[in-house]
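**Student:** Please read through the structure below; I'll follow up with questions.
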Amino acid sequence: MVQTTAKTALVTGGTSGIGRAITTRLAQEGVHVFVTGRRQAQLDALVDELGDAVTAIQADISDVDDLDRVTAVINDRGEGLDIVVANAGVGTFATLAELKPEDFDHTFGINVRGTVFTVQKALPLLNPAASVVIIGSTAAALARASFGAYSASKAAIRQFSRVWAIELAERGVRVNTVTPGPTETPGLAAMADDPYQARALQNGARPIPLGRLAQPTEIADAVLFLASPQAKFITGAELFVDGGESQA
């Protein structure tokens with residue numbers, strides 16, 4: 001078990017897949033987790049499972065008014081934030097010839113704009129020695145047909161996290177990126193069931209040296225490590241949790 005002294009966290013997009021695993025893992029460590037999601041039914045199910053360990057807030061992180069409402073709820077509790085996990089993200093998969101402006105805007109609106117202003121709005125709430133963890137993707141470092149908008153959005157937030165690590169260092173706040181490879185989540189399963197999305201996945205297929213998909217809990221374990229005192233001298237780093245995919 002990795003011990004963490006942190007007491008309060010914010011996890012965006014925390015109702016399914018990797019985000020849900022992160023929320024659950026932090027709650028198991030005794031952290032109170034504010035969790036956002038766009039679907040109230042999924043938020044309710046998470047509260048039913050984890051009880052008082054979580055505070056669920058329906059919000060769209062691409063909407064700054066929603067982010068203001070989220071941070072107001074956290075501020076009212078009066079404990080600040082020790083951990084921020086910017087996890088919420090979407091994928092639009094299309095070649096250059098196929099890409100639509102609205103799909104580009106949707107992808108960058110959530111993955112980049114949403115991440116940037118989630119962290120910005122959280123700044124006044126960050127306690128000393130707080131940890132910010134950005135959820136990236138191996139797609140940011142690999143060239144894959146149909147992954148242009150998605151991979152560019154993930155590359156953008158990786159670069160933001162490096163800059164933030166420098167900007168926030170004087171406050172003792174650490175900023176790191178966890179970069180999953182293909183992970184067994186409902187979102188990945190839904191892509192495989194759609195012929196167009198399945199083609200994009202096939203275009204991006206690479207061998208994974210460890211021979212399997214990641215489990216969401218394995219990504220959550222990496223987040224917990226970076227949020228813990230064991231990682232107190234790590235900032236600006238990118239931790240790949242991809243079974244070696246990025247090296248293949």
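Each chain of the structure tokens is named A, B, ... in the order shown, its residues numbered from 1; ligands are numbered from 1 in display order.
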What's the 8 Å shell around Ile234 of chain A, counting only C-alpha atoms, without same-chain residues fewer than 3 positions away, as a list in words?

**Tutor:**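 Counting only C-alpha atoms, the residues come to Arg174, Asn176, Leu226, Ala231 and Ala237 of chain A.
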
**Student:** Store the residues picked out above, limited to C-alpha atoms, as a CSV table (one decimal), in the first residue's frame.

**Tutor:**
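Contents of the output file again07.csv:
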chain,number,residue,atom,x,y,z
A,174,ARG,CA,3.9,19.1,-8.1
A,176,ASN,CA,3.0,15.2,-13.3
A,226,LEU,CA,2.4,10.4,-7.8
A,231,ALA,CA,6.8,11.0,-5.0
A,237,ALA,CA,7.5,13.8,-15.1

**Student:** Can you tell me, as a PyMOL selection string, what residues are no more than 12 Å from segment 36-43 of chain A when counting only C-alpha atoms, ignoring any on the same chain fewer than 4 positions away?

**Tutor:** chain A and resi 9-17+19-20+23+47-51+54-63+66-67+69-71+73-74+84-89+110+118

**Student:** Grab the atom CA of Val175 of chain A to atom CA of Val132 of chain A distance for me, in Å with one decimal place.

**Tutor:**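 Atom CA of Val175 of chain A sits 4.7 Å away from atom CA of Val132 of chain A.
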
**Student:** DSSP says alpha helix (DSSP H) for which residues of segment 84-201 of chain A? Put them as a ChimeraX atom specification?

**Tutor:** /A:101-108,115-122,148-167,186-193,195-201

**Student:** Keeping only C-alpha atoms, write those residues as a PDB file, in the first residue's frame.

**Tutor:**
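Resulting contents of part_8.pdb:
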ATOM      1  CA  PRO A 101     -14.788  21.475 -37.242  1.00  0.00           C
ATOM      2  CA  GLU A 102     -17.344  20.540 -34.592  1.00  0.00           C
ATOM      3  CA  ASP A 103     -15.467  17.328 -33.781  1.00  0.00           C
ATOM      4  CA  PHE A 104     -12.191  19.240 -33.490  1.00  0.00           C
ATOM      5  CA  ASP A 105     -13.818  21.808 -31.200  1.00  0.00           C
ATOM      6  CA  HIS A 106     -15.399  19.116 -29.029  1.00  0.00           C
ATOM      7  CA  THR A 107     -12.109  17.248 -28.588  1.00  0.00           C
ATOM      8  CA  PHE A 108     -10.031  20.335 -27.800  1.00  0.00           C
ATOM      9  CA  THR A 115      -8.018  20.501 -18.457  1.00  0.00           C
ATOM     10  CA  VAL A 116      -6.410  23.955 -18.493  1.00  0.00           C
ATOM     11  CA  PHE A 117      -9.274  25.682 -16.719  1.00  0.00           C
ATOM     12  CA  THR A 118      -9.885  22.815 -14.304  1.00  0.00           C
ATOM     13  CA  VAL A 119      -6.351  23.306 -13.010  1.00  0.00           C
ATOM     14  CA  GLN A 120      -6.556  27.105 -13.173  1.00  0.00           C
ATOM     15  CA  LYS A 121      -9.797  27.220 -11.177  1.00  0.00           C
ATOM     16  CA  ALA A 122      -8.306  24.840  -8.602  1.00  0.00           C
ATOM     17  CA  GLY A 148      -4.753  13.561 -35.343  1.00  0.00           C
ATOM     18  CA  ALA A 149      -7.093  15.692 -33.201  1.00  0.00           C
ATOM     19  CA  TYR A 150      -7.028  13.341 -30.230  1.00  0.00           C
ATOM     20  CA  SER A 151      -3.260  12.873 -30.181  1.00  0.00           C
ATOM     21  CA  ALA A 152      -2.643  16.609 -30.654  1.00  0.00           C
ATOM     22  CA  SER A 153      -4.950  17.414 -27.726  1.00  0.00           C
ATOM     23  CA  LYS A 154      -3.094  14.988 -25.480  1.00  0.00           C
ATOM     24  CA  ALA A 155       0.270  16.361 -26.612  1.00  0.00           C
ATOM     25  CA  ALA A 156      -0.950  19.843 -25.726  1.00  0.00           C
ATOM     26  CA  ILE A 157      -1.882  18.950 -22.155  1.00  0.00           C
ATOM     27  CA  ARG A 158       1.410  17.112 -21.695  1.00  0.00           C
ATOM     28  CA  GLN A 159       3.239  20.313 -22.570  1.00  0.00           C
ATOM     29  CA  PHE A 160       0.986  22.368 -20.301  1.00  0.00           C
ATOM     30  CA  SER A 161       1.807  20.014 -17.421  1.00  0.00           C
ATOM     31  CA  ARG A 162       5.548  20.517 -17.953  1.00  0.00           C
ATOM     32  CA  VAL A 163       5.149  24.292 -17.876  1.00  0.00           C
ATOM     33  CA  TRP A 164       2.886  24.167 -14.818  1.00  0.00           C
ATOM     34  CA  ALA A 165       5.475  22.073 -12.977  1.00  0.00           C
ATOM     35  CA  ILE A 166       7.869  25.026 -13.303  1.00  0.00           C
ATOM     36  CA  GLU A 167       5.287  27.709 -12.564  1.00  0.00           C
ATOM     37  CA  PRO A 186     -16.301   0.861 -21.353  1.00  0.00           C
ATOM     38  CA  GLY A 187     -15.150   3.622 -23.707  1.00  0.00           C
ATOM     39  CA  LEU A 188     -12.703   1.337 -25.481  1.00  0.00           C
ATOM     40  CA  ALA A 189     -15.325  -1.397 -25.717  1.00  0.00           C
ATOM     41  CA  ALA A 190     -17.800   1.034 -27.269  1.00  0.00           C
ATOM     42  CA  MET A 191     -15.228   2.061 -29.867  1.00  0.00           C
ATOM     43  CA  ALA A 192     -14.640  -1.548 -30.818  1.00  0.00           C
ATOM     44  CA  ASP A 193     -18.386  -2.026 -31.382  1.00  0.00           C
ATOM     45  CA  PRO A 195     -17.277   0.080 -37.328  1.00  0.00           C
ATOM     46  CA  TYR A 196     -15.785   3.553 -37.897  1.00  0.00           C
ATOM     47  CA  GLN A 197     -14.167   3.742 -34.482  1.00  0.00           C
ATOM     48  CA  ALA A 198     -12.972   0.143 -34.805  1.00  0.00           C
ATOM     49  CA  ARG A 199     -11.158   1.129 -37.999  1.00  0.00           C
ATOM     50  CA  ALA A 200      -9.409   3.933 -36.130  1.00  0.00           C
ATOM     51  CA  LEU A 201      -8.349   1.497 -33.419  1.00  0.00           C
TER      52      LEU A 201
END

**Student:** Within 8 Å of Leu96 of chain A, counting only C-alpha atoms, which residues show up once you throw out same-chain ones fewer than 2 positions away? Write them as a VMD selection string, please.

**Tutor:** chain A and resid 94 98 to 99 146 148

**Student:** When you draw a straight line from atom CA of Ala21 of chain A to atom CA of Ile219 of chain A, how long is it in Å?

**Tutor:**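 Distance reported for this atom pair: 8.0 Å.
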
**Student:** Work out how far atom CA of Ser131 of chain A is from atom CA of Glu79 of chain A, in Å to one decimal.

**Tutor:**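 Taking atom CA of Glu79 of chain A and atom CA of Ser131 of chain A, their separation equals 14.9 Å.
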
**Student:** Which of segment 48-208 of chain A end up as strand (DSSP E or B) when DSSP is run on this backbone - answer as a ChimeraX atom specification?

**Tutor:** /A:54-58,81-86,126-135,174-180,183

**Student:** Have a look at A:Pro182, A:Arg113, A:Arg77, A:Glu29 and name the one nearest to Ser228 of chain A; count only C-alpha atoms.

**Tutor:** A:Glu29
